[in-house]
file data-v9.pdb (PDB, C-alpha atoms)
ATOM      1  CA  ASP A   1     181.739 -34.869-351.685  1.00  0.00           C
ATOM      2  CA  ALA A   2     178.532 -35.130-353.699  1.00  0.00           C
ATOM      3  CA  GLY A   3     175.576 -36.676-351.985  1.00  0.00           C
ATOM      4  CA  VAL A   4     172.854 -38.648-353.729  1.00  0.00           C
ATOM      5  CA  THR A   5     171.966 -37.221-357.127  1.00  0.00           C
ATOM      6  CA  GLN A   6     168.612 -37.855-358.771  1.00  0.00           C
ATOM      7  CA  SER A   7     167.398 -36.934-362.232  1.00  0.00           C
ATOM      8  CA  PRO A   8     165.225 -35.477-363.479  1.00  0.00           C
ATOM      9  CA  THR A   9     163.932 -33.270-360.670  1.00  0.00           C
ATOM     10  CA  HIS A  10     160.470 -32.965-362.161  1.00  0.00           C
ATOM     11  CA  LEU A  11     158.605 -34.987-364.753  1.00  0.00           C
ATOM     12  CA  ILE A  12     155.131 -34.951-366.245  1.00  0.00           C
ATOM     13  CA  LYS A  13     153.843 -38.077-367.965  1.00  0.00           C
ATOM     14  CA  THR A  14     150.565 -39.212-369.445  1.00  0.00           C
ATOM     15  CA  ARG A  15     148.617 -42.145-368.054  1.00  0.00           C
ATOM     16  CA  GLY A  16     149.736 -45.392-369.682  1.00  0.00           C
ATOM     17  CA  GLN A  17     153.237 -44.164-370.493  1.00  0.00           C
ATOM     18  CA  GLN A  18     156.492 -45.504-369.107  1.00  0.00           C
ATOM     19  CA  VAL A  19     159.060 -43.562-367.080  1.00  0.00           C
ATOM     20  CA  THR A  20     162.674 -44.048-366.006  1.00  0.00           C
ATOM     21  CA  LEU A  21     164.151 -42.262-363.010  1.00  0.00           C
ATOM     22  CA  ARG A  22     167.861 -42.190-362.268  1.00  0.00           C
ATOM     23  CA  CYS A  23     169.960 -42.139-359.126  1.00  0.00           C
ATOM     24  CA  SER A  24     173.677 -41.759-358.475  1.00  0.00           C
ATOM     25  CA  PRO A  25     174.599 -42.831-354.940  1.00  0.00           C
ATOM     26  CA  LYS A  26     176.888 -40.993-352.599  1.00  0.00           C
ATOM     27  CA  SER A  27     180.561 -41.745-353.127  1.00  0.00           C
ATOM     28  CA  GLY A  28     181.545 -44.892-351.251  1.00  0.00           C
ATOM     29  CA  HIS A  29     177.996 -46.228-351.090  1.00  0.00           C
ATOM     30  CA  ASP A  30     177.073 -49.473-352.830  1.00  0.00           C
ATOM     31  CA  THR A  31     173.468 -50.101-351.801  1.00  0.00           C
ATOM     32  CA  VAL A  32     170.569 -48.170-353.305  1.00  0.00           C
ATOM     33  CA  SER A  33     166.947 -48.090-352.191  1.00  0.00           C
ATOM     34  CA  TRP A  34     163.941 -46.423-353.775  1.00  0.00           C
ATOM     35  CA  TYR A  35     160.988 -44.936-351.931  1.00  0.00           C
ATOM     36  CA  GLN A  36     157.680 -43.500-353.124  1.00  0.00           C
ATOM     37  CA  GLN A  37     156.258 -40.568-351.181  1.00  0.00           C
ATOM     38  CA  ALA A  38     152.702 -39.574-352.017  1.00  0.00           C
ATOM     39  CA  LEU A  39     151.557 -36.079-351.080  1.00  0.00           C
ATOM     40  CA  GLY A  40     151.083 -35.766-347.334  1.00  0.00           C
ATOM     41  CA  GLN A  41     152.379 -39.264-346.649  1.00  0.00           C
ATOM     42  CA  GLY A  42     155.589 -40.829-345.445  1.00  0.00           C
ATOM     43  CA  PRO A  43     157.962 -42.547-347.883  1.00  0.00           C
ATOM     44  CA  GLN A  44     157.052 -46.122-348.804  1.00  0.00           C
ATOM     45  CA  PHE A  45     159.806 -48.639-349.586  1.00  0.00           C
ATOM     46  CA  ILE A  46     159.814 -49.888-353.179  1.00  0.00           C
ATOM     47  CA  PHE A  47     162.971 -51.981-353.473  1.00  0.00           C
ATOM     48  CA  GLN A  48     166.658 -52.177-352.636  1.00  0.00           C
ATOM     49  CA  TYR A  49     169.613 -53.065-354.861  1.00  0.00           C
ATOM     50  CA  TYR A  50     173.017 -54.400-353.983  1.00  0.00           C
ATOM     51  CA  GLU A  51     175.583 -55.990-356.275  1.00  0.00           C
ATOM     52  CA  GLU A  52     173.270 -55.337-359.217  1.00  0.00           C
ATOM     53  CA  GLU A  53     170.532 -57.521-357.761  1.00  0.00           C
ATOM     54  CA  GLU A  54     167.189 -56.701-356.159  1.00  0.00           C
ATOM     55  CA  ARG A  55     167.593 -57.746-352.532  1.00  0.00           C
ATOM     56  CA  GLN A  56     164.388 -56.540-350.890  1.00  0.00           C
ATOM     57  CA  ARG A  57     161.052 -55.498-352.332  1.00  0.00           C
ATOM     58  CA  GLY A  58     158.123 -53.661-350.813  1.00  0.00           C
ATOM     59  CA  ASN A  59     154.455 -54.055-351.625  1.00  0.00           C
ATOM     60  CA  PHE A  60     154.549 -52.628-355.146  1.00  0.00           C
ATOM     61  CA  PRO A  61     153.265 -54.223-358.369  1.00  0.00           C
ATOM     62  CA  ASP A  62     155.506 -55.603-361.079  1.00  0.00           C
ATOM     63  CA  ARG A  63     154.982 -52.399-363.054  1.00  0.00           C
ATOM     64  CA  PHE A  64     157.751 -51.077-360.835  1.00  0.00           C
ATOM     65  CA  SER A  65     161.152 -52.444-361.765  1.00  0.00           C
ATOM     66  CA  GLY A  66     164.706 -51.369-361.290  1.00  0.00           C
ATOM     67  CA  HIS A  67     168.280 -51.877-362.167  1.00  0.00           C
ATOM     68  CA  GLN A  68     171.664 -51.269-360.613  1.00  0.00           C
ATOM     69  CA  PHE A  69     174.758 -50.738-362.706  1.00  0.00           C
ATOM     70  CA  PRO A  70     178.372 -51.748-361.979  1.00  0.00           C
ATOM     71  CA  ASN A  71     179.127 -48.174-360.864  1.00  0.00           C
ATOM     72  CA  TYR A  72     176.337 -48.563-358.237  1.00  0.00           C
ATOM     73  CA  SER A  73     174.009 -46.077-359.928  1.00  0.00           C
ATOM     74  CA  SER A  74     170.412 -47.174-360.266  1.00  0.00           C
ATOM     75  CA  GLU A  75     167.275 -46.716-362.328  1.00  0.00           C
ATOM     76  CA  LEU A  76     163.644 -47.025-361.376  1.00  0.00           C
ATOM     77  CA  ASN A  77     161.239 -47.892-364.175  1.00  0.00           C
ATOM     78  CA  VAL A  78     157.494 -47.647-363.976  1.00  0.00           C
ATOM     79  CA  ASN A  79     155.326 -49.052-366.791  1.00  0.00           C
ATOM     80  CA  ALA A  80     151.689 -48.352-367.624  1.00  0.00           C
ATOM     81  CA  LEU A  81     151.566 -45.266-365.440  1.00  0.00           C
ATOM     82  CA  LEU A  82     148.472 -44.627-363.357  1.00  0.00           C
ATOM     83  CA  LEU A  83     147.292 -41.349-361.889  1.00  0.00           C
ATOM     84  CA  GLY A  84     148.047 -42.826-358.470  1.00  0.00           C
ATOM     85  CA  ASP A  85     151.729 -43.124-359.368  1.00  0.00           C
ATOM     86  CA  SER A  86     152.037 -39.352-359.012  1.00  0.00           C
ATOM     87  CA  ALA A  87     154.465 -38.874-356.131  1.00  0.00           C
ATOM     88  CA  LEU A  88     157.942 -37.845-355.049  1.00  0.00           C
ATOM     89  CA  TYR A  89     160.360 -40.689-355.720  1.00  0.00           C
ATOM     90  CA  LEU A  90     163.305 -40.739-353.359  1.00  0.00           C
ATOM     91  CA  CYS A  91     166.554 -42.587-353.781  1.00  0.00           C
ATOM     92  CA  ALA A  92     168.629 -43.484-350.722  1.00  0.00           C
ATOM     93  CA  SER A  93     172.113 -44.934-350.637  1.00  0.00           C
ATOM     94  CA  ARG A  94     174.351 -46.436-347.987  1.00  0.00           C
ATOM     95  CA  ARG A  95     177.292 -48.756-347.590  1.00  0.00           C
ATOM     96  CA  GLN A  96     176.160 -52.344-347.315  1.00  0.00           C
ATOM     97  CA  GLY A  97     175.660 -53.198-343.648  1.00  0.00           C
ATOM     98  CA  ALA A  98     175.748 -49.578-342.517  1.00  0.00           C
ATOM     99  CA  LEU A  99     172.703 -48.043-340.871  1.00  0.00           C
ATOM    100  CA  ARG A 100     172.909 -44.497-342.078  1.00  0.00           C
ATOM    101  CA  TYR A 101     171.067 -43.739-345.304  1.00  0.00           C
ATOM    102  CA  THR A 102     171.686 -40.664-347.421  1.00  0.00           C
ATOM    103  CA  PHE A 103     168.701 -39.458-349.395  1.00  0.00           C
ATOM    104  CA  GLY A 104     168.499 -37.512-352.613  1.00  0.00           C
ATOM    105  CA  SER A 105     166.109 -34.617-353.182  1.00  0.00           C
ATOM    106  CA  GLY A 106     163.840 -36.817-355.236  1.00  0.00           C
ATOM    107  CA  THR A 107     162.066 -36.775-358.573  1.00  0.00           C
ATOM    108  CA  ARG A 108     158.586 -35.274-358.574  1.00  0.00           C
ATOM    109  CA  LEU A 109     156.491 -37.365-360.995  1.00  0.00           C
ATOM    110  CA  THR A 110     153.114 -36.088-362.095  1.00  0.00           C
ATOM    111  CA  VAL A 111     150.860 -38.382-364.121  1.00  0.00           C
ATOM    112  CA  VAL A 112     148.065 -36.646-366.028  1.00  0.00           C
TER     113      VAL A 112
ATOM    114  CA  ALA B   1     154.664 -56.237-339.798  1.00  0.00           C
ATOM    115  CA  GLN B   2     156.254 -53.013-338.754  1.00  0.00           C
ATOM    116  CA  LYS B   3     154.307 -49.820-338.229  1.00  0.00           C
ATOM    117  CA  VAL B   4     155.138 -46.267-337.203  1.00  0.00           C
ATOM    118  CA  THR B   5     152.475 -43.849-336.024  1.00  0.00           C
ATOM    119  CA  GLN B   6     152.905 -40.112-335.757  1.00  0.00           C
ATOM    120  CA  ALA B   7     149.610 -38.871-334.381  1.00  0.00           C
ATOM    121  CA  GLN B   8     150.444 -35.181-334.704  1.00  0.00           C
ATOM    122  CA  THR B   9     149.753 -34.028-338.248  1.00  0.00           C
ATOM    123  CA  GLU B  10     150.817 -30.432-337.759  1.00  0.00           C
ATOM    124  CA  ILE B  11     152.286 -28.402-334.906  1.00  0.00           C
ATOM    125  CA  SER B  12     152.635 -24.629-334.807  1.00  0.00           C
ATOM    126  CA  VAL B  13     154.886 -22.894-332.303  1.00  0.00           C
ATOM    127  CA  VAL B  14     156.446 -19.507-331.836  1.00  0.00           C
ATOM    128  CA  GLU B  15     160.191 -19.176-332.077  1.00  0.00           C
ATOM    129  CA  LYS B  16     162.110 -20.137-328.900  1.00  0.00           C
ATOM    130  CA  GLU B  17     159.379 -22.468-327.704  1.00  0.00           C
ATOM    131  CA  ASP B  18     160.268 -26.096-327.027  1.00  0.00           C
ATOM    132  CA  VAL B  19     158.399 -28.649-329.126  1.00  0.00           C
ATOM    133  CA  THR B  20     158.049 -32.425-328.806  1.00  0.00           C
ATOM    134  CA  LEU B  21     157.185 -34.671-331.714  1.00  0.00           C
ATOM    135  CA  ASP B  22     155.570 -37.972-330.818  1.00  0.00           C
ATOM    136  CA  CYS B  23     156.283 -41.360-332.366  1.00  0.00           C
ATOM    137  CA  VAL B  24     154.863 -44.777-331.519  1.00  0.00           C
ATOM    138  CA  TYR B  25     156.069 -47.909-333.268  1.00  0.00           C
ATOM    139  CA  GLU B  26     155.154 -51.566-333.636  1.00  0.00           C
ATOM    140  CA  THR B  27     157.535 -54.385-334.426  1.00  0.00           C
ATOM    141  CA  ARG B  28     157.958 -58.057-333.615  1.00  0.00           C
ATOM    142  CA  ASP B  29     161.729 -57.778-333.818  1.00  0.00           C
ATOM    143  CA  THR B  30     163.709 -57.707-330.598  1.00  0.00           C
ATOM    144  CA  THR B  31     166.528 -55.766-332.206  1.00  0.00           C
ATOM    145  CA  TYR B  32     165.711 -52.746-334.304  1.00  0.00           C
ATOM    146  CA  TYR B  33     166.705 -49.157-334.945  1.00  0.00           C
ATOM    147  CA  LEU B  34     164.731 -45.952-334.715  1.00  0.00           C
ATOM    148  CA  PHE B  35     165.397 -42.779-336.651  1.00  0.00           C
ATOM    149  CA  TRP B  36     164.237 -39.223-336.968  1.00  0.00           C
ATOM    150  CA  TYR B  37     164.514 -37.477-340.320  1.00  0.00           C
ATOM    151  CA  LYS B  38     163.755 -33.898-341.314  1.00  0.00           C
ATOM    152  CA  GLN B  39     162.323 -33.031-344.732  1.00  0.00           C
ATOM    153  CA  PRO B  40     162.567 -29.369-345.717  1.00  0.00           C
ATOM    154  CA  PRO B  41     160.656 -28.057-348.757  1.00  0.00           C
ATOM    155  CA  SER B  42     163.570 -29.101-351.006  1.00  0.00           C
ATOM    156  CA  GLY B  43     162.431 -32.702-350.500  1.00  0.00           C
ATOM    157  CA  GLU B  44     165.657 -34.271-349.284  1.00  0.00           C
ATOM    158  CA  LEU B  45     165.355 -36.338-346.129  1.00  0.00           C
ATOM    159  CA  VAL B  46     167.987 -35.194-343.652  1.00  0.00           C
ATOM    160  CA  PHE B  47     169.149 -37.644-340.982  1.00  0.00           C
ATOM    161  CA  LEU B  48     168.846 -36.299-337.444  1.00  0.00           C
ATOM    162  CA  ILE B  49     169.257 -39.118-334.928  1.00  0.00           C
ATOM    163  CA  ARG B  50     169.328 -42.907-334.619  1.00  0.00           C
ATOM    164  CA  ARG B  51     168.731 -45.124-331.617  1.00  0.00           C
ATOM    165  CA  ASN B  52     169.316 -48.853-331.106  1.00  0.00           C
ATOM    166  CA  SER B  53     166.585 -50.897-329.447  1.00  0.00           C
ATOM    167  CA  PHE B  54     168.994 -52.262-326.867  1.00  0.00           C
ATOM    168  CA  ASP B  55     170.088 -48.813-325.677  1.00  0.00           C
ATOM    169  CA  GLU B  56     167.381 -46.844-323.901  1.00  0.00           C
ATOM    170  CA  GLN B  57     169.690 -44.122-322.710  1.00  0.00           C
ATOM    171  CA  ASN B  58     168.234 -40.785-323.662  1.00  0.00           C
ATOM    172  CA  GLU B  59     170.595 -38.130-324.915  1.00  0.00           C
ATOM    173  CA  ILE B  60     170.833 -34.532-325.880  1.00  0.00           C
ATOM    174  CA  SER B  61     172.604 -33.332-328.979  1.00  0.00           C
ATOM    175  CA  GLY B  62     172.639 -29.576-329.254  1.00  0.00           C
ATOM    176  CA  ARG B  63     169.020 -28.418-329.396  1.00  0.00           C
ATOM    177  CA  TYR B  64     167.787 -31.959-330.088  1.00  0.00           C
ATOM    178  CA  SER B  65     166.922 -34.572-327.496  1.00  0.00           C
ATOM    179  CA  TRP B  66     164.978 -37.798-327.592  1.00  0.00           C
ATOM    180  CA  ASN B  67     163.062 -39.984-325.206  1.00  0.00           C
ATOM    181  CA  PHE B  68     163.090 -43.681-326.073  1.00  0.00           C
ATOM    182  CA  GLN B  69     160.819 -45.890-323.973  1.00  0.00           C
ATOM    183  CA  LYS B  70     160.626 -49.529-324.974  1.00  0.00           C
ATOM    184  CA  SER B  71     157.865 -50.222-322.463  1.00  0.00           C
ATOM    185  CA  THR B  72     155.510 -47.920-324.342  1.00  0.00           C
ATOM    186  CA  SER B  73     157.100 -48.363-327.796  1.00  0.00           C
ATOM    187  CA  SER B  74     157.640 -44.641-328.060  1.00  0.00           C
ATOM    188  CA  PHE B  75     160.472 -42.603-329.495  1.00  0.00           C
ATOM    189  CA  ASN B  76     159.712 -38.934-328.979  1.00  0.00           C
ATOM    190  CA  PHE B  77     161.863 -36.123-330.299  1.00  0.00           C
ATOM    191  CA  THR B  78     162.244 -32.674-328.738  1.00  0.00           C
ATOM    192  CA  ILE B  79     163.597 -29.486-330.221  1.00  0.00           C
ATOM    193  CA  THR B  80     164.588 -26.950-327.601  1.00  0.00           C
ATOM    194  CA  ALA B  81     164.349 -23.230-328.307  1.00  0.00           C
ATOM    195  CA  SER B  82     162.856 -23.732-331.765  1.00  0.00           C
ATOM    196  CA  GLN B  83     163.953 -21.570-334.669  1.00  0.00           C
ATOM    197  CA  VAL B  84     162.242 -20.602-337.919  1.00  0.00           C
ATOM    198  CA  VAL B  85     164.734 -22.804-339.796  1.00  0.00           C
ATOM    199  CA  ASP B  86     163.334 -25.808-337.933  1.00  0.00           C
ATOM    200  CA  SER B  87     160.146 -25.523-339.970  1.00  0.00           C
ATOM    201  CA  ALA B  88     159.875 -28.761-341.938  1.00  0.00           C
ATOM    202  CA  VAL B  89     158.177 -32.135-341.964  1.00  0.00           C
ATOM    203  CA  TYR B  90     159.665 -34.554-339.448  1.00  0.00           C
ATOM    204  CA  PHE B  91     159.533 -38.295-339.954  1.00  0.00           C
ATOM    205  CA  CYS B  92     160.039 -41.063-337.458  1.00  0.00           C
ATOM    206  CA  ALA B  93     161.285 -44.309-339.015  1.00  0.00           C
ATOM    207  CA  LEU B  94     161.938 -47.882-337.945  1.00  0.00           C
ATOM    208  CA  SER B  95     164.438 -50.346-339.357  1.00  0.00           C
ATOM    209  CA  GLU B  96     164.756 -54.006-338.555  1.00  0.00           C
ATOM    210  CA  ALA B  97     168.190 -55.437-337.811  1.00  0.00           C
ATOM    211  CA  ARG B  98     168.717 -57.978-340.524  1.00  0.00           C
ATOM    212  CA  GLY B  99     171.764 -60.141-340.328  1.00  0.00           C
ATOM    213  CA  SER B 100     171.929 -60.097-344.101  1.00  0.00           C
ATOM    214  CA  GLY B 101     172.290 -56.323-344.017  1.00  0.00           C
ATOM    215  CA  TYR B 102     169.291 -55.782-346.280  1.00  0.00           C
ATOM    216  CA  SER B 103     167.325 -53.675-343.849  1.00  0.00           C
ATOM    217  CA  THR B 104     164.723 -51.147-344.963  1.00  0.00           C
ATOM    218  CA  LEU B 105     163.035 -48.143-343.397  1.00  0.00           C
ATOM    219  CA  THR B 106     159.378 -47.970-342.390  1.00  0.00           C
ATOM    220  CA  PHE B 107     158.251 -44.359-342.016  1.00  0.00           C
ATOM    221  CA  GLY B 108     155.407 -42.675-340.208  1.00  0.00           C
ATOM    222  CA  LYS B 109     153.216 -40.176-342.017  1.00  0.00           C
ATOM    223  CA  GLY B 110     155.189 -37.249-340.686  1.00  0.00           C
ATOM    224  CA  THR B 111     154.531 -34.202-338.545  1.00  0.00           C
ATOM    225  CA  MET B 112     154.678 -30.763-340.122  1.00  0.00           C
ATOM    226  CA  LEU B 113     156.327 -28.272-337.785  1.00  0.00           C
ATOM    227  CA  LEU B 114     155.715 -24.573-338.376  1.00  0.00           C
ATOM    228  CA  VAL B 115     157.836 -22.175-336.361  1.00  0.00           C
ATOM    229  CA  SER B 116     156.789 -18.576-336.632  1.00  0.00           C
ATOM    230  CA  PRO B 117     158.940 -15.564-335.676  1.00  0.00           C
TER     231      PRO B 117
END

call {"tool": "encode", "arguments": {"input": "data-v9.pdb", "output": "structure tokens"}}
result
Amino acid sequence: DAGVTQSPTHLIKTRGQQVTLRCSPKSGHDTVSWYQQALGQGPQFIFQYYEEEERQRGNFPDRFSGHQFPNYSSELNVNALLLGDSALYLCASRRQGALRYTFGSGTRLTVV
Amino acid sequence: AQKVTQAQTEISVVEKEDVTLDCVYETRDTTYYLFWYKQPPSGELVFLIRRNSFDEQNEISGRYSWNFQKSTSSFNFTITASQVVDSAVYFCALSEARGSGYSTLTFGKGTMLLVSP
């Protein structure tokens, strides 16, 4: 049973560019959350998707947007990249209403 | 607003020593959940334990145990007889209990545990 799959694993982008990160949730899970983890810090909640709608959002600017598809997979888009967007982006999935999250290994984004 | 504080940035122990990781939290919710996650170098956050705010019974699961004290808003985690494979960053996290089901996790900054042979 595959867990949460994220792609790509590593990415280097130039300041001002746009990036799309992808996440496939664990089988049976329908809710996807995204977290940003800067170096040496704990993960920070970006947003959560359920039934293809954004249900909760953390304190992140509108440059961060997302999408959930009918098969529950999700994308995280970041526009106008800043150096400060360099981080590990983690995707977590769960069944709606359940408490246990399953995390992916993340996408390491470096903005130069 | 919710907040989780892990005051210990890094802990180094020798194999077979017991080690306790501290966690203090803040929340206005009366019902909430507390978690411990482990993050090895691969990056994936691995679930270790969860505790409900209305159950202060402390338990032991294998080499892991936890001490939840609502009076001091602490949720400490102990690894008994540490092993080299325990080396990782450990995160304490807090989740509100939302009736809508759209709960999220608030993490501390993590404690890096180094277990040497």

call {"tool": "residues_around", "arguments": {"input": "data-v9.pdb", "residues": "Asn79 in chain A", "least_positions_apart": "4", "cutoff": "7 Å", "atoms": "only C-alpha atoms", "output": "list in words"}}
result
Gln17, Gln18, Val19, Arg63 and Phe64 of chain A

call {"tool": "resolve_selection", "arguments": {"input": "data-v9.pdb", "expression": "the PyMOL selection byres ((chain B) within 6 of (chain A))", "output": "PyMOL selection string"}}
result
chain B and resi 43-45+101+107-110

call {"tool": "resolve_selection", "arguments": {"input": "data-v9.pdb", "expression": "the PyMOL selection byres ((chain B and resi 4) around 9)", "output": "NGL selection string"}}
result
:B and (2-3 or 5-6 or 23-27 or 92-94 or 106-109)

call {"tool": "atom_distance", "arguments": {"input": "data-v9.pdb", "atom1": "CA of Ser73 in chain A", "atom2": "CA of Asp30 in chain A"}}
result
8.4 Å

call {"tool": "resolve_selection", "arguments": {"input": "data-v9.pdb", "expression": "the PyMOL selection byres ((chain B and resi 53) around 12)", "output": "list in words"}}
result
Tyr25, Thr27, Arg28, Asp29, Thr30, Thr31, Tyr32, Tyr33, Leu34, Phe35, Arg50, Arg51, Asn52, Phe54, Asp55, Glu56, Gln57, Asn58, Phe68, Gln69, Lys70, Ser71, Ser73, Ser74, Phe75, Leu94, Ser95, Glu96 and Ala97 of chain B

call {"tool": "atom_distance", "arguments": {"input": "data-v9.pdb", "atom1": "CA of Leu105 in chain B", "atom2": "CA of Ala38 in chain A"}}
result
16.0 Å
